[in-house]
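Chemist: Below is one structure. I have some questions about it.
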2 protein chains.
Amino acid sequence: MTKLKDVAEKANVSLATASLAMSNSTLVNERTKEKIRLLAEELGYYPNINAQRLARRKSYNICLMLNSKYFFKSSNIYYLRVIGGVIKEAERTEYSITFSFYGDLESKNPLGRAGSDLSIKNFDGIIIFDVIEREMLELLLKKADIPVVLVDNHGNYPDVYAVDNDDFGGAYKATKYLIDLGHKKIGYIGLPETHPLGRECISGFKKALNDSSLKEFAFYDKCKLGIRSGKIGAQEILDSNKHLPSAFFCTNDFIAIGAMEEFKRHGFLIPQDFSFIGMDDMDISSEVEPSLTTVKIEMEALGQVGIKKLISIINDSYDGDIKTILSNQIIERDTCRRIN
Amino acid sequence: MTKLKDVAEKANVSLATASLAMSNSTLVNERTKEKIRLLAEELGYYPNINAQRLARRKSYNICLMLNSKYFFKSSNIYYLRVIGGVIKEAERTEYSITFSFYGDLESKNPLGRAGSDLSIKNFDGIIIFDVIEREMLELLLKKADIPVVLVDNHGNYPDVYAVDNDDFGGAYKATKYLIDLGHKKIGYIGLPETHPLGRECISGFKKALNDSSLKEFAFYDKCKLGIRSGKIGAQEILDSNKHLPSAFFCTNDFIAIGAMEEFKRHGFLIPQDFSFIGMDDMDISSEVEPSLTTVKIEMEALGQVGIKKLISIINDSYDGDIKTILSNQIIERDTCRRIN
DNA sequence: TTGTAGGCGTTATCAA
DNA sequence: TTGATAACGCCTACAA
């Protein structure tokens with residue numbers, strides 16, 4: 001393995017000059033710099049990142065904290081997308097990503113690797129992905145004296161740097177979309193208000209109705225995030241024997257898909273009997289029949305913007321807002337119809 | 001930041017002794033060791049991994065190579081599972097994972113980060129995940145003088161260390177299962193033989209038929225891996241106007257789900273008219289109606305076994321086979337019926 | 001069983 | 001604009 005010293009010797013310069021040249025310092029003569037860099041290339045020189053990191057007193061290591069339960073149980077491709085955004089962006093920088101799973105508050109090492117073994121001290125910053133309990137976050141914040149950015153925590157914790165999707169705005173937009181199509185009886189199937197995402201969605205939903213002086217029909221908020229949940233929601237709504245709405249807004253696409261399936265099983269037609277709009281825009285959403293109209297969430301961007309933000313905070317060059325909100329847009333497909 | 005030197009001073013021992021104690025060497029007295037370790041804990045000492053790695057002349061860094069196209073386009077939760085297996089297992093070791101995306105052979109840096117910037121020389125080993133083109137692999141192998149393990153490459157490249165699911169066996173088992181239920185007319189909907197996974201599945205499928213002196217009915221092999229593909233397959237089979245089988249084996253669950261949907265749309269009943277067995281056992285597979293019988297693939301294990309194998313190769317302690325084949329098993333659900 | 005001292009490959013501080 | 005030289009924090013002969 002060629003090292004910087006070899007390059008320096010071949011170039012007849014000192015180690016120091018070679019080092020400066022490689023880091024493109026203005027302190028060194030352009031011609032010398034050019035010569036050294038060319039030589040480095042020829043010799044196949046690559047810096048040893050461990051030596052660099054040691055000398056620079058910086059780990060260039062970012063911890064990506066994931067809730068191990070969500071991560072390993074979820075069937076949600078959303079994780080893959082957000083993580084993809086993080087690691088793709090990281091690849092363009094000098095930073096490495098180390099994954100760390102955190103578990104239950106009751107367990108011996110709630111914070112996982114980040115909290116003990118490797119120690120927080122070996123990271124320059126932390127990204128926490130998805131909803132995290134308050135206690136866990138506080139435990140971490142107390143222990144870590146390094147920057148933390150929350151990604152997709154749905155706007156909990158006002159004082160902590162965060163990147164979020166505009167859940168509220170998305171829900172508002174979706175509901176407004178149904179209203180603009182002429183729907184006056186609109187139902188909700190989704191997460192409860194106790195879930196941060198549910199809270200945002202329900203507020204957006206209700207605000208949109210309010211702004212048009214409407215009230216919700218059929219409000220089912222006992223869902224989790226899967227298809228099965230949507231089915232149960234639809235079932236419950238049918239069983240309740242109340243007046244049925246003409247359209248539904250659902251917290252996510254899986255719920256919408258499950259609900260539609262259940263309605264179809266009962267002989268209803270989509271969108272003739274019920275219009276549906278979801279949120280996420282999963283790959284499957286365009287493949288179901290009829291294809292689902294939804295609010296597209298930029299998942300990769302969540303991860304990408306999150307790590308960019310963290311890195312600039314680490315480098316003391318961040319001067320934006322504590323919260324970054326990513327906008328979203330409606331993808332029109334075939335589950336919503338205009339009514340008079 | 002407390003460093004080892006601080007610990008050593010407090011303990012009234014030399015740096016060397018402290019170092020030996022921390023790495024649990026037998027060279028140092030049990031009592032001294034105990035004292036040092038306790039003190040380290042008290043002082044909140046954590047080793048600086050960069051210094052460690054530099055001194056040990058080892059990067060403890062493993063490169064996980066992913067095909068950027070598959071990774072970012074696939075809706076397949078399978079990626080998340082396998083990667084989850086890798087990083088979860090890595091968390092238990094001293095090794096870090098660095099992701100690297102490779103792209104087209106035509107592009108400037110086909111090998112991505114692993115090939116240029118950071119350089120292969122900063123890795124102790126490489127895991128290549130999923131199918132990779134021969135040329136790309138050879139490019140990499142030529143450049144890298146470090147261990148490489150292929151994960152889920154479906155048994156291409158006989159000379160390279162690999163961990164694979166038993167695709168052939170799974171397909172054989174699935175087909176045999178249908179035969180044992182009394183089916184004599186069995187169809188295939190899935191990947192073509194030109195795809196490594198298709199190749200394995202088709203051989204397993206045909207072998208099982210052969211062993212029972214049967215021939216395939218309705219063979220559609222123009223699928224990709226998504227739901228839509230399955231729909232098209234079913235459509236094609238219906239259009240072909242040939243004699244229809246009583247059961248289908250599909251390369252994966254998405255294809256099976258798509259095909260079933262299409263058949264249902266045409267008024268057929270599952271499993272009354274057609275039995276179906278898929279492969280993978282996705283979360284969605286148990287949520288569709290009727291829930292899908294399938295061959296469960298241990299995705300997390302693929303990643304976990306893969307990195308374990310790589311690490312022992314790195315440490316010269318591997319003495320197993322070049323190929324590791326993980327077995328799988330049938331999950332019986334509601335899409336297969338017995339016929340007489 | 002413990003300590004001394006040199007080295008891992010870079011960067012950074014001075015002085016030249 | 002360049003060059004010596006001392007860090008960075010840890011590991012590991014070798015000596016004691």
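Residues are referred to by chain and number: the chain letter is A, B, ... according to the order shown in the structure tokens, the number counts from 1 in that chain, and ligands are numbered separately from 1 in the order shown.
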Per DSSP on the backbone, what are the strand (DSSP E) residues of segment 22-238 of chain A, as a count of residues only?
Modeler: 33
Chemist: Quick one: DSSP helix (DSSP H, G or I) residues in segment 53-225 of chain A, as a count of residues only?
Modeler: 71
Chemist: Determine, counting only C-alpha atoms (C1' of nucleotides), which protein, DNA and RNA residues have an atom within 10 Å of an atom of DG3 of chain C; residues of the same chain fewer than 6 positions away are not included. Present the result as a PDB file with C-alpha atoms (C1' of nucleotides), in the first residue's frame.
Modeler:
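The resulting out.pdb:
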ATOM      1  CA  VAL B  13       0.152   1.021  35.560  1.00  0.00           C
ATOM      2  CA  SER B  14       1.800   1.613  32.241  1.00  0.00           C
ATOM      3  CA  LEU B  15      -0.065   2.302  29.056  1.00  0.00           C
ATOM      4  CA  ALA B  16       0.908  -1.110  27.743  1.00  0.00           C
ATOM      5  CA  THR B  17      -0.574  -2.929  30.687  1.00  0.00           C
TER       6      THR B  17
ATOM      7  C1'  DA D  15      13.279  -5.890  27.658  1.00  0.00           C
ATOM      8  C1'  DA D  16      13.140  -6.043  32.520  1.00  0.00           C
TER       9       DA D  16
END
Chemist: For the atom pair atom CA of Gly198 of chain B and atom CA of Phe274 of chain B, what is the interatomic distance in Å to one decimal place?
Modeler: 21.9 Å
Chemist: Can you list every residue of chain D that has an atom at most 6 Å from chain B, with its nearest atom pair and the distance in Å to one decimal, using only C-alpha atoms (C1' of nucleotides), ordered by chain then number, as a Markdown table?
Modeler:
| residue | atom | partner | partner_atom | distance |
| --- | --- | --- | --- | --- |
| D:DG9 | C1' | B:Ala51 | CA | 5.1 |
| D:DC10 | C1' | B:Gln52 | CA | 5.3 |
| D:DC11 | C1' | B:Ala55 | CA | 5.5 |
Chemist: Residues of chain C that approach chain A to 7 Å or less, counting only C-alpha atoms (C1' of nucleotides): could you list each one with the shortest pair of atoms and its distance in Å to one decimal, rows by chain and increasing residue number, as a Markdown table?
Modeler:
| residue | atom | partner | partner_atom | distance |
| --- | --- | --- | --- | --- |
| C:DG9 | C1' | A:Ala51 | CA | 5.1 |
| C:DT10 | C1' | A:Gln52 | CA | 4.9 |
| C:DT11 | C1' | A:Ala55 | CA | 5.2 |
Chemist: Give me, as a PyMOL selection string, the residues of chain B touching chain A, with the criterion being at most 7 Å (counting only C-alpha atoms).
Modeler: chain B and resi 46+48+50-51+53-54+75+77+80+87+91+96-99+113+119+122+227-228+283+287
Chemist: In Å, how far is it from atom CA of Ile297 of chain A to atom CA of Asp280 of chain A?
Modeler: 4.9 Å
Chemist: Considering only C-alpha atoms (C1' of nucleotides), return as a list of chain:residue names whatever protein or nucleic-acid residues lie within 10 Å of Val28 of chain B, sequence-local ones (same chain, fewer than 6 positions apart) excluded.
Modeler: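 Answer for this query is B:Thr17, B:Ala18, B:Leu20, B:Ala21, B:Glu34, C:DT1, C:DT2.
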Chemist: Store the residues of this selection in a file with N, CA and C atoms (P, O5', C5', C4', C3', O3' and C1' of nucleotides), as a PDB file, in the first residue's frame.
Modeler:
ATOM      1  N   THR B  17       0.223  -2.045  29.841  1.00  0.00           N
ATOM      2  CA  THR B  17      -0.574  -2.929  30.687  1.00  0.00           C
ATOM      3  C   THR B  17      -2.061  -2.614  30.545  1.00  0.00           C
ATOM      4  N   ALA B  18      -2.355  -1.340  30.541  1.00  0.00           N
ATOM      5  CA  ALA B  18      -3.752  -0.947  30.399  1.00  0.00           C
ATOM      6  C   ALA B  18      -4.314  -1.477  29.086  1.00  0.00           C
ATOM      7  N   LEU B  20      -3.302  -4.007  27.321  1.00  0.00           N
ATOM      8  CA  LEU B  20      -3.460  -5.463  27.402  1.00  0.00           C
ATOM      9  C   LEU B  20      -4.687  -5.829  28.221  1.00  0.00           C
ATOM     10  N   ALA B  21      -4.867  -5.117  29.306  1.00  0.00           N
ATOM     11  CA  ALA B  21      -6.019  -5.403  30.156  1.00  0.00           C
ATOM     12  C   ALA B  21      -7.326  -5.203  29.397  1.00  0.00           C
ATOM     13  N   GLU B  34      -8.709  -6.572  36.470  1.00  0.00           N
ATOM     14  CA  GLU B  34      -9.999  -6.196  37.057  1.00  0.00           C
ATOM     15  C   GLU B  34      -9.988  -4.716  37.464  1.00  0.00           C
TER      16      GLU B  34
ATOM     17  P    DT C   1       0.642 -14.274  35.543  1.00  0.00           P
ATOM     18  O5'  DT C   1       1.294 -12.827  35.578  1.00  0.00           O
ATOM     19  C5'  DT C   1       1.499 -12.212  36.816  1.00  0.00           C
ATOM     20  C4'  DT C   1       2.262 -10.973  36.573  1.00  0.00           C
ATOM     21  C3'  DT C   1       1.477  -9.852  35.859  1.00  0.00           C
ATOM     22  O3'  DT C   1       1.281  -8.822  36.805  1.00  0.00           O
ATOM     23  C1'  DT C   1       3.706 -10.065  35.031  1.00  0.00           C
ATOM     24  P    DT C   2       0.639  -7.479  36.488  1.00  0.00           P
ATOM     25  O5'  DT C   2       1.840  -6.696  35.842  1.00  0.00           O
ATOM     26  C5'  DT C   2       2.588  -5.807  36.648  1.00  0.00           C
ATOM     27  C4'  DT C   2       3.664  -5.192  35.825  1.00  0.00           C
ATOM     28  C3'  DT C   2       3.254  -3.934  35.065  1.00  0.00           C
ATOM     29  O3'  DT C   2       3.873  -2.848  35.705  1.00  0.00           O
ATOM     30  C1'  DT C   2       4.689  -5.341  33.789  1.00  0.00           C
TER      31       DT C   2
END
Chemist: Residues of segment 198-277 of chain B within 10 Å of segment 173-182 of chain B: nearest atom pair and distance (Å, one decimal) for each, counting only C-alpha atoms, sorted by chain and number, as a tab-separated table?
Modeler:
residue	atom	partner	partner_atom	distance
B:Cys201	CA	B:Ala174	CA	9.9
B:Gly204	CA	B:Lys173	CA	7.9
B:Phe205	CA	B:Thr175	CA	5.8
B:Lys206	CA	B:Thr175	CA	8.5
B:Lys207	CA	B:Thr175	CA	9.0
B:Ala208	CA	B:Lys176	CA	5.7
B:Leu209	CA	B:Thr175	CA	7.3
B:Asp211	CA	B:Lys176	CA	9.1
B:Ser212	CA	B:Ile179	CA	8.0
B:Leu214	CA	B:Ile179	CA	9.3
B:Ser246	CA	B:Leu178	CA	9.5
B:Ala247	CA	B:Leu178	CA	7.1
B:Phe248	CA	B:Leu178	CA	8.4
B:Phe249	CA	B:Thr175	CA	6.5
B:Cys250	CA	B:Ala174	CA	9.3
B:Ser275	CA	B:Leu178	CA	8.1
B:Phe276	CA	B:Leu178	CA	8.6
B:Ile277	CA	B:Ala174	CA	6.7
Chemist: Could you take the residues named above and write them with N, CA and C atoms, as a PDB file, in the first residue's frame?
Modeler:
ATOM      1  N   CYS B 201     -35.471 -21.814 -10.322  1.00  0.00           N
ATOM      2  CA  CYS B 201     -36.873 -22.153 -10.085  1.00  0.00           C
ATOM      3  C   CYS B 201     -37.409 -23.088 -11.152  1.00  0.00           C
ATOM      4  N   GLY B 204     -36.029 -26.585 -10.695  1.00  0.00           N
ATOM      5  CA  GLY B 204     -36.673 -27.269  -9.579  1.00  0.00           C
ATOM      6  C   GLY B 204     -38.080 -27.706  -9.941  1.00  0.00           C
ATOM      7  N   PHE B 205     -38.757 -26.803 -10.574  1.00  0.00           N
ATOM      8  CA  PHE B 205     -40.133 -27.070 -11.009  1.00  0.00           C
ATOM      9  C   PHE B 205     -40.191 -28.275 -11.956  1.00  0.00           C
ATOM     10  N   LYS B 206     -39.324 -28.236 -12.964  1.00  0.00           N
ATOM     11  CA  LYS B 206     -39.350 -29.314 -13.961  1.00  0.00           C
ATOM     12  C   LYS B 206     -38.897 -30.650 -13.391  1.00  0.00           C
ATOM     13  N   LYS B 207     -37.905 -30.557 -12.516  1.00  0.00           N
ATOM     14  CA  LYS B 207     -37.411 -31.784 -11.902  1.00  0.00           C
ATOM     15  C   LYS B 207     -38.541 -32.477 -11.130  1.00  0.00           C
ATOM     16  N   ALA B 208     -39.288 -31.676 -10.380  1.00  0.00           N
ATOM     17  CA  ALA B 208     -40.372 -32.251  -9.586  1.00  0.00           C
ATOM     18  C   ALA B 208     -41.421 -32.900 -10.489  1.00  0.00           C
ATOM     19  N   LEU B 209     -41.747 -32.223 -11.572  1.00  0.00           N
ATOM     20  CA  LEU B 209     -42.721 -32.790 -12.511  1.00  0.00           C
ATOM     21  C   LEU B 209     -42.179 -34.087 -13.101  1.00  0.00           C
ATOM     22  N   ASP B 211     -39.950 -36.111 -11.975  1.00  0.00           N
ATOM     23  CA  ASP B 211     -39.899 -37.198 -10.993  1.00  0.00           C
ATOM     24  C   ASP B 211     -41.246 -37.868 -10.807  1.00  0.00           C
ATOM     25  N   SER B 212     -42.303 -37.176 -11.175  1.00  0.00           N
ATOM     26  CA  SER B 212     -43.631 -37.788 -11.087  1.00  0.00           C
ATOM     27  C   SER B 212     -44.201 -38.052 -12.469  1.00  0.00           C
ATOM     28  N   LEU B 214     -44.711 -36.105 -14.924  1.00  0.00           N
ATOM     29  CA  LEU B 214     -45.700 -35.135 -15.400  1.00  0.00           C
ATOM     30  C   LEU B 214     -45.025 -34.155 -16.355  1.00  0.00           C
ATOM     31  N   SER B 246     -54.623 -26.913 -13.055  1.00  0.00           N
ATOM     32  CA  SER B 246     -55.404 -26.775 -11.825  1.00  0.00           C
ATOM     33  C   SER B 246     -54.581 -26.102 -10.734  1.00  0.00           C
ATOM     34  N   ALA B 247     -53.285 -25.891 -11.008  1.00  0.00           N
ATOM     35  CA  ALA B 247     -52.445 -25.265  -9.976  1.00  0.00           C
ATOM     36  C   ALA B 247     -51.274 -24.547 -10.626  1.00  0.00           C
ATOM     37  N   PHE B 248     -50.765 -23.555  -9.907  1.00  0.00           N
ATOM     38  CA  PHE B 248     -49.623 -22.787 -10.402  1.00  0.00           C
ATOM     39  C   PHE B 248     -48.533 -22.672  -9.352  1.00  0.00           C
ATOM     40  N   PHE B 249     -47.304 -22.770  -9.818  1.00  0.00           N
ATOM     41  CA  PHE B 249     -46.172 -22.384  -8.991  1.00  0.00           C
ATOM     42  C   PHE B 249     -45.623 -21.082  -9.567  1.00  0.00           C
ATOM     43  N   CYS B 250     -45.390 -20.100  -8.696  1.00  0.00           N
ATOM     44  CA  CYS B 250     -44.879 -18.812  -9.165  1.00  0.00           C
ATOM     45  C   CYS B 250     -43.529 -18.509  -8.527  1.00  0.00           C
ATOM     46  N   SER B 275     -55.191 -23.666  -7.699  1.00  0.00           N
ATOM     47  CA  SER B 275     -54.357 -23.586  -6.499  1.00  0.00           C
ATOM     48  C   SER B 275     -53.117 -22.758  -6.839  1.00  0.00           C
ATOM     49  N   PHE B 276     -52.585 -22.083  -5.824  1.00  0.00           N
ATOM     50  CA  PHE B 276     -51.410 -21.233  -6.045  1.00  0.00           C
ATOM     51  C   PHE B 276     -50.392 -21.430  -4.945  1.00  0.00           C
ATOM     52  N   ILE B 277     -49.126 -21.528  -5.336  1.00  0.00           N
ATOM     53  CA  ILE B 277     -48.062 -21.482  -4.339  1.00  0.00           C
ATOM     54  C   ILE B 277     -46.976 -20.531  -4.842  1.00  0.00           C
TER      55      ILE B 277
END
Chemist: Please identify all polymer residues within 7 Å of Val148 of chain B, counting only C-alpha atoms (C1' of nucleotides), omitting same-chain residues fewer than 5 positions from it, and present them as a list in words.
Modeler: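 The residues that qualify are Gly125, Ile126, Ile127 and Tyr161 of chain B.
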Chemist: Write out as an mmCIF file with N, CA and C atoms, in the first residue's frame the residues lying within 10 Å of segment 233-237 of chain B, counting only C-alpha atoms (C1' of nucleotides) and excluding same-chain residues fewer than 4 positions away.
Modeler:
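So the final result, stored in around.cif, reads:
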data_model
loop_
_atom_site.group_PDB
_atom_site.id
_atom_site.type_symbol
_atom_site.label_atom_id
_atom_site.label_comp_id
_atom_site.auth_asym_id
_atom_site.auth_seq_id
_atom_site.Cartn_x
_atom_site.Cartn_y
_atom_site.Cartn_z
ATOM 1 N N GLY B 187 -49.035 -25.388 -13.690
ATOM 2 C CA GLY B 187 -48.466 -24.339 -14.534
ATOM 3 C C GLY B 187 -47.398 -23.540 -13.812
ATOM 4 N N TYR B 188 -46.620 -22.814 -14.609
ATOM 5 C CA TYR B 188 -45.569 -21.954 -14.053
ATOM 6 C C TYR B 188 -45.791 -20.538 -14.527
ATOM 7 N N ILE B 189 -45.737 -19.601 -13.592
ATOM 8 C CA ILE B 189 -45.737 -18.189 -13.965
ATOM 9 C C ILE B 189 -44.568 -17.561 -13.235
ATOM 10 N N GLY B 190 -43.630 -17.025 -13.998
ATOM 11 C CA GLY B 190 -42.473 -16.466 -13.298
ATOM 12 C C GLY B 190 -41.382 -15.965 -14.211
ATOM 13 N N PHE B 217 -48.151 -27.679 -17.681
ATOM 14 C CA PHE B 217 -49.235 -27.029 -18.403
ATOM 15 C C PHE B 217 -49.010 -25.533 -18.267
ATOM 16 N N ALA B 218 -49.269 -24.802 -19.275
ATOM 17 C CA ALA B 218 -49.238 -23.354 -19.155
ATOM 18 C C ALA B 218 -47.945 -22.878 -18.521
ATOM 19 N N PHE B 219 -47.017 -22.590 -19.360
ATOM 20 C CA PHE B 219 -45.712 -22.146 -18.896
ATOM 21 C C PHE B 219 -45.515 -20.704 -19.347
ATOM 22 N N TYR B 220 -45.603 -19.792 -18.414
ATOM 23 C CA TYR B 220 -45.382 -18.381 -18.768
ATOM 24 C C TYR B 220 -44.150 -17.869 -18.041
ATOM 25 N N ASP B 221 -43.125 -17.537 -18.787
ATOM 26 C CA ASP B 221 -41.855 -17.185 -18.134
ATOM 27 C C ASP B 221 -41.355 -15.797 -18.515
ATOM 28 N N LYS B 222 -42.275 -14.914 -18.832
ATOM 29 C CA LYS B 222 -41.822 -13.575 -19.232
ATOM 30 C C LYS B 222 -42.007 -12.557 -18.118
ATOM 31 N N CYS B 223 -42.096 -13.034 -16.906
ATOM 32 C CA CYS B 223 -42.347 -12.128 -15.785
ATOM 33 C C CYS B 223 -41.103 -11.361 -15.364
ATOM 34 N N ILE B 227 -46.183 -7.391 -9.044
ATOM 35 C CA ILE B 227 -47.581 -7.802 -9.121
ATOM 36 C C ILE B 227 -48.114 -7.700 -10.542
ATOM 37 N N ARG B 228 -47.764 -6.596 -11.179
ATOM 38 C CA ARG B 228 -48.267 -6.366 -12.524
ATOM 39 C C ARG B 228 -47.894 -7.504 -13.466
ATOM 40 N N SER B 229 -46.669 -7.965 -13.299
ATOM 41 C CA SER B 229 -46.157 -9.078 -14.075
ATOM 42 C C SER B 229 -47.040 -10.314 -13.957
ATOM 43 N N ASN B 241 -55.861 -19.635 -24.658
ATOM 44 C CA ASN B 241 -56.930 -20.569 -24.993
ATOM 45 C C ASN B 241 -56.547 -22.029 -24.912
ATOM 46 N N LYS B 242 -55.443 -22.269 -24.241
ATOM 47 C CA LYS B 242 -55.054 -23.673 -24.099
ATOM 48 C C LYS B 242 -55.794 -24.297 -22.939
ATOM 49 N N HIS B 243 -55.579 -25.537 -22.796
ATOM 50 C CA HIS B 243 -56.105 -26.257 -21.660
ATOM 51 C C HIS B 243 -55.511 -25.644 -20.397
ATOM 52 N N LEU B 244 -56.332 -25.369 -19.390
ATOM 53 C CA LEU B 244 -55.820 -24.704 -18.191
ATOM 54 C C LEU B 244 -55.428 -25.694 -17.103
ATOM 55 N N PRO B 245 -54.384 -25.382 -16.369
ATOM 56 C CA PRO B 245 -53.949 -26.251 -15.275
ATOM 57 C C PRO B 245 -54.855 -26.092 -14.058
ATOM 58 N N ILE B 255 -45.761 -12.078 -7.928
ATOM 59 C CA ILE B 255 -46.279 -12.622 -9.179
ATOM 60 C C ILE B 255 -47.539 -13.440 -8.902
ATOM 61 N N ALA B 256 -47.483 -14.256 -7.869
ATOM 62 C CA ALA B 256 -48.643 -15.084 -7.520
ATOM 63 C C ALA B 256 -49.851 -14.209 -7.186
ATOM 64 N N GLY B 258 -50.472 -11.138 -8.111
ATOM 65 C CA GLY B 258 -50.966 -10.496 -9.328
ATOM 66 C C GLY B 258 -51.779 -11.462 -10.171
ATOM 67 N N ALA B 259 -51.251 -12.653 -10.335
ATOM 68 C CA ALA B 259 -51.943 -13.643 -11.171
ATOM 69 C C ALA B 259 -53.296 -14.012 -10.562
ATOM 70 N N MET B 260 -53.304 -14.218 -9.258
ATOM 71 C CA MET B 260 -54.564 -14.565 -8.596
ATOM 72 C C MET B 260 -55.585 -13.456 -8.774
ATOM 73 N N GLU B 261 -55.115 -12.223 -8.625
ATOM 74 C CA GLU B 261 -56.025 -11.088 -8.786
ATOM 75 C C GLU B 261 -56.666 -11.097 -10.160
ATOM 76 N N GLU B 262 -55.834 -11.342 -11.145
ATOM 77 C CA GLU B 262 -56.326 -11.327 -12.514
ATOM 78 C C GLU B 262 -57.340 -12.457 -12.735
ATOM 79 N N PHE B 263 -57.017 -13.628 -12.234
ATOM 80 C CA PHE B 263 -57.950 -14.744 -12.397
ATOM 81 C C PHE B 263 -59.268 -14.442 -11.689
ATOM 82 N N HIS B 266 -61.545 -12.356 -13.518
ATOM 83 C CA HIS B 266 -62.252 -13.058 -14.583
ATOM 84 C C HIS B 266 -63.271 -14.035 -14.032
#
Chemist: Tell me, as an NGL selection string, which residues lie within 10 Å of DT13 of chain C, counting only C-alpha atoms (C1' of nucleotides); anything in the same chain fewer than 4 positions away does not count.
Modeler: :D and (5-7)
Chemist: Can those selected residues be exported to a file as a short mmCIF file (atom, residue, chain, number, x, y, z; two decimals), in the first residue's frame so that it contains C-alpha atoms (C1' of nucleotides)?
Modeler:
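Output below, filename result02.cif:
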data_model
loop_
_atom_site.label_atom_id
_atom_site.label_comp_id
_atom_site.auth_asym_id
_atom_site.auth_seq_id
_atom_site.Cartn_x
_atom_site.Cartn_y
_atom_site.Cartn_z
"C1'" DT D 5 8.77 17.55 13.90
"C1'" DA D 6 5.43 16.80 17.27
"C1'" DA D 7 1.01 15.27 17.90
#
